file coords-v9.cif (mmCIF, C-alpha atoms; chains and numbers go by the auth columns)
data_target
loop_
_atom_site.group_PDB
_atom_site.id
_atom_site.type_symbol
_atom_site.label_atom_id
_atom_site.label_comp_id
_atom_site.label_asym_id
_atom_site.label_seq_id
_atom_site.Cartn_x
_atom_site.Cartn_y
_atom_site.Cartn_z
_atom_site.B_iso_or_equiv
_atom_site.auth_seq_id
_atom_site.auth_asym_id
ATOM 1 C CA MET A 1 -96.284 48.997 -104.253 0.00 1 A
ATOM 2 C CA ALA A 2 -93.310 47.462 -102.497 0.00 2 A
ATOM 3 C CA ARG A 3 -92.285 43.872 -103.022 0.00 3 A
ATOM 4 C CA LEU A 4 -90.959 41.263 -100.621 0.00 4 A
ATOM 5 C CA LYS A 5 -88.312 38.709 -101.550 0.00 5 A
ATOM 6 C CA VAL A 6 -88.956 35.475 -99.644 0.00 6 A
ATOM 7 C CA THR A 7 -86.418 32.638 -99.400 0.00 7 A
ATOM 8 C CA GLN A 8 -87.024 29.212 -97.878 0.00 8 A
ATOM 9 C CA VAL A 9 -83.957 28.248 -95.830 0.00 9 A
ATOM 10 C CA ARG A 10 -85.224 25.137 -94.031 0.00 10 A
ATOM 11 C CA SER A 11 -87.252 22.103 -94.966 0.00 11 A
ATOM 12 C CA GLY A 12 -90.975 21.967 -94.287 0.00 12 A
ATOM 13 C CA ILE A 13 -90.717 18.295 -93.329 0.00 13 A
ATOM 14 C CA GLY A 14 -91.723 17.801 -89.723 0.00 14 A
ATOM 15 C CA SER A 15 -93.560 21.104 -89.490 0.00 15 A
ATOM 16 C CA LYS A 16 -97.289 21.444 -88.944 0.00 16 A
ATOM 17 C CA ARG A 17 -99.655 20.866 -91.829 0.00 17 A
ATOM 18 C CA ASN A 18 -100.839 24.478 -92.000 0.00 18 A
ATOM 19 C CA GLN A 19 -97.222 25.647 -92.215 0.00 19 A
ATOM 20 C CA ARG A 20 -96.495 23.282 -95.112 0.00 20 A
ATOM 21 C CA GLU A 21 -99.647 24.484 -96.870 0.00 21 A
ATOM 22 C CA THR A 22 -98.597 28.089 -96.326 0.00 22 A
ATOM 23 C CA LEU A 23 -95.221 27.365 -97.944 0.00 23 A
ATOM 24 C CA ARG A 24 -97.016 25.923 -100.980 0.00 24 A
ATOM 25 C CA THR A 25 -99.360 28.919 -101.134 0.00 25 A
ATOM 26 C CA LEU A 26 -96.363 31.245 -101.143 0.00 26 A
ATOM 27 C CA GLY A 27 -94.875 29.186 -103.994 0.00 27 A
ATOM 28 C CA LEU A 28 -91.982 27.729 -102.000 0.00 28 A
ATOM 29 C CA LYS A 29 -91.304 24.066 -102.742 0.00 29 A
ATOM 30 C CA ARG A 30 -87.747 23.336 -101.636 0.00 30 A
ATOM 31 C CA ILE A 31 -84.827 24.801 -99.738 0.00 31 A
ATOM 32 C CA ASN A 32 -83.327 27.931 -101.359 0.00 32 A
ATOM 33 C CA ASP A 33 -86.466 28.636 -103.394 0.00 33 A
ATOM 34 C CA VAL A 34 -86.978 32.383 -103.796 0.00 34 A
ATOM 35 C CA VAL A 35 -90.229 34.157 -104.642 0.00 35 A
ATOM 36 C CA VAL A 36 -91.080 37.837 -104.930 0.00 36 A
ATOM 37 C CA LYS A 37 -94.484 38.821 -103.559 0.00 37 A
ATOM 38 C CA GLU A 38 -96.410 42.078 -103.222 0.00 38 A
ATOM 39 C CA ASP A 39 -96.158 43.688 -99.789 0.00 39 A
ATOM 40 C CA ARG A 40 -99.713 43.162 -98.530 0.00 40 A
ATOM 41 C CA PRO A 41 -101.048 42.280 -95.069 0.00 41 A
ATOM 42 C CA GLU A 42 -102.143 38.820 -96.257 0.00 42 A
ATOM 43 C CA ILE A 43 -98.672 37.969 -97.540 0.00 43 A
ATOM 44 C CA ARG A 44 -97.008 39.340 -94.399 0.00 44 A
ATOM 45 C CA GLY A 45 -99.292 37.107 -92.311 0.00 45 A
ATOM 46 C CA MET A 46 -98.283 34.048 -94.329 0.00 46 A
ATOM 47 C CA ILE A 47 -94.606 34.930 -93.952 0.00 47 A
ATOM 48 C CA PHE A 48 -95.062 35.399 -90.203 0.00 48 A
ATOM 49 C CA THR A 49 -96.584 31.896 -90.018 0.00 49 A
ATOM 50 C CA VAL A 50 -93.486 30.287 -91.542 0.00 50 A
ATOM 51 C CA ASN A 51 -90.768 32.810 -90.637 0.00 51 A
ATOM 52 C CA HIS A 52 -88.707 30.085 -88.906 0.00 52 A
ATOM 53 C CA LEU A 53 -88.486 28.071 -92.141 0.00 53 A
#
call {"tool": "encode", "arguments": {"input": "coords-v9.cif", "output": "structure tokens"}}
result
Amino acid sequence: MARLKVTQVRSGIGSKRNQRETLRTLGLKRINDVVVKEDRPEIRGMIFTVNHL
């Protein structure tokens, strides 16, 4: 299955609580953190929630 490389480019400070929780669930803790996730609908939904960060 394909994989997605996700990078956090902005801080989660000041964003909504569910967006901060989504960042944590994805494994992103600070700016420039990179994680590789499986390409599944659940992961794509999480990325869509925080795509501006």
call {"tool": "resolve_selection", "arguments": {"input": "coords-v9.cif", "expression": "the PyMOL selection byres ((chain A and resi 28) around 12)", "output": "MDAnalysis selection string"}}
result
chainID A and resid 5:12 19:27 29:37 46:47 50 53
call {"tool": "atom_distance", "arguments": {"input": "coords-v9.cif", "atom1": "atom CA of Gly45 of chain A", "atom2": "atom CA of Ser15 of chain A"}}
result
17.2 Å
call {"tool": "atom_distance", "arguments": {"input": "coords-v9.cif", "atom1": "atom CA of Glu38 of chain A", "atom2": "atom CA of Met1 of chain A"}}
result
7.0 Å
call {"tool": "residues_around", "arguments": {"input": "coords-v9.cif", "residues": "segment 39-42 of chain A", "least_positions_apart": "2", "cutoff": "6 Å", "atoms": "all atoms listed in the file", "output": "ChimeraX atom specification"}}
result
/A:2-4,44-45
call {"tool": "decode", "arguments": {"input": "coords-v9.cif", "residues": "segment 3-53 of chain A", "atoms": "C-alpha atoms", "output": "PDB file, in the first residue's frame"}}
result
ATOM      1  CA  ARG A   3       2.528   5.740   2.106  1.00  0.00           C
ATOM      2  CA  LEU A   4       2.096   9.428   2.844  1.00  0.00           C
ATOM      3  CA  LYS A   5       4.877  11.643   4.167  1.00  0.00           C
ATOM      4  CA  VAL A   6       3.390  14.311   6.443  1.00  0.00           C
ATOM      5  CA  THR A   7       5.323  17.379   7.628  1.00  0.00           C
ATOM      6  CA  GLN A   8       4.140  19.925  10.184  1.00  0.00           C
ATOM      7  CA  VAL A   9       5.082  23.403   8.940  1.00  0.00           C
ATOM      8  CA  ARG A  10       3.201  25.603  11.418  1.00  0.00           C
ATOM      9  CA  SER A  11       2.603  25.597  15.137  1.00  0.00           C
ATOM     10  CA  GLY A  12      -0.570  24.133  16.596  1.00  0.00           C
ATOM     11  CA  ILE A  13      -0.719  26.911  19.190  1.00  0.00           C
ATOM     12  CA  GLY A  14      -3.851  28.971  18.736  1.00  0.00           C
ATOM     13  CA  SER A  15      -5.632  26.324  16.695  1.00  0.00           C
ATOM     14  CA  LYS A  16      -8.760  24.510  17.808  1.00  0.00           C
ATOM     15  CA  ARG A  17      -8.494  21.715  20.333  1.00  0.00           C
ATOM     16  CA  ASN A  18      -9.549  18.985  17.901  1.00  0.00           C
ATOM     17  CA  GLN A  19      -6.854  20.123  15.464  1.00  0.00           C
ATOM     18  CA  ARG A  20      -4.165  19.947  18.157  1.00  0.00           C
ATOM     19  CA  GLU A  21      -5.386  16.480  19.135  1.00  0.00           C
ATOM     20  CA  THR A  22      -5.289  15.400  15.499  1.00  0.00           C
ATOM     21  CA  LEU A  23      -1.662  16.550  15.240  1.00  0.00           C
ATOM     22  CA  ARG A  24      -0.803  14.437  18.292  1.00  0.00           C
ATOM     23  CA  THR A  25      -2.668  11.442  16.861  1.00  0.00           C
ATOM     24  CA  LEU A  26      -0.663  11.745  13.655  1.00  0.00           C
ATOM     25  CA  GLY A  27       2.527  11.835  15.751  1.00  0.00           C
ATOM     26  CA  LEU A  28       3.420  15.457  15.010  1.00  0.00           C
ATOM     27  CA  LYS A  29       4.727  17.358  18.028  1.00  0.00           C
ATOM     28  CA  ARG A  30       6.645  20.361  16.718  1.00  0.00           C
ATOM     29  CA  ILE A  31       7.377  22.325  13.575  1.00  0.00           C
ATOM     30  CA  ASN A  32       9.307  20.352  10.918  1.00  0.00           C
ATOM     31  CA  ASP A  33       8.324  16.987  12.403  1.00  0.00           C
ATOM     32  CA  VAL A  34       7.905  14.391   9.656  1.00  0.00           C
ATOM     33  CA  VAL A  35       5.947  11.143   9.874  1.00  0.00           C
ATOM     34  CA  VAL A  36       5.209   8.479   7.286  1.00  0.00           C
ATOM     35  CA  LYS A  37       1.707   7.011   7.430  1.00  0.00           C
ATOM     36  CA  GLU A  38      -0.206   4.410   5.428  1.00  0.00           C
ATOM     37  CA  ASP A  39      -2.478   5.867   2.752  1.00  0.00           C
ATOM     38  CA  ARG A  40      -5.887   5.080   4.255  1.00  0.00           C
ATOM     39  CA  PRO A  41      -9.129   7.086   4.314  1.00  0.00           C
ATOM     40  CA  GLU A  42      -8.836   7.647   8.079  1.00  0.00           C
ATOM     41  CA  ILE A  43      -5.356   9.133   7.765  1.00  0.00           C
ATOM     42  CA  ARG A  44      -6.376  11.283   4.790  1.00  0.00           C
ATOM     43  CA  GLY A  45      -9.271  12.645   6.869  1.00  0.00           C
ATOM     44  CA  MET A  46      -6.910  13.568   9.702  1.00  0.00           C
ATOM     45  CA  ILE A  47      -4.548  15.276   7.265  1.00  0.00           C
ATOM     46  CA  PHE A  48      -7.455  17.189   5.725  1.00  0.00           C
ATOM     47  CA  THR A  49      -8.400  18.431   9.216  1.00  0.00           C
ATOM     48  CA  VAL A  50      -4.965  19.982   9.777  1.00  0.00           C
ATOM     49  CA  ASN A  51      -3.799  20.616   6.197  1.00  0.00           C
ATOM     50  CA  HIS A  52      -3.231  24.327   6.959  1.00  0.00           C
ATOM     51  CA  LEU A  53      -0.712  23.471   9.697  1.00  0.00           C
TER      52      LEU A  53
END
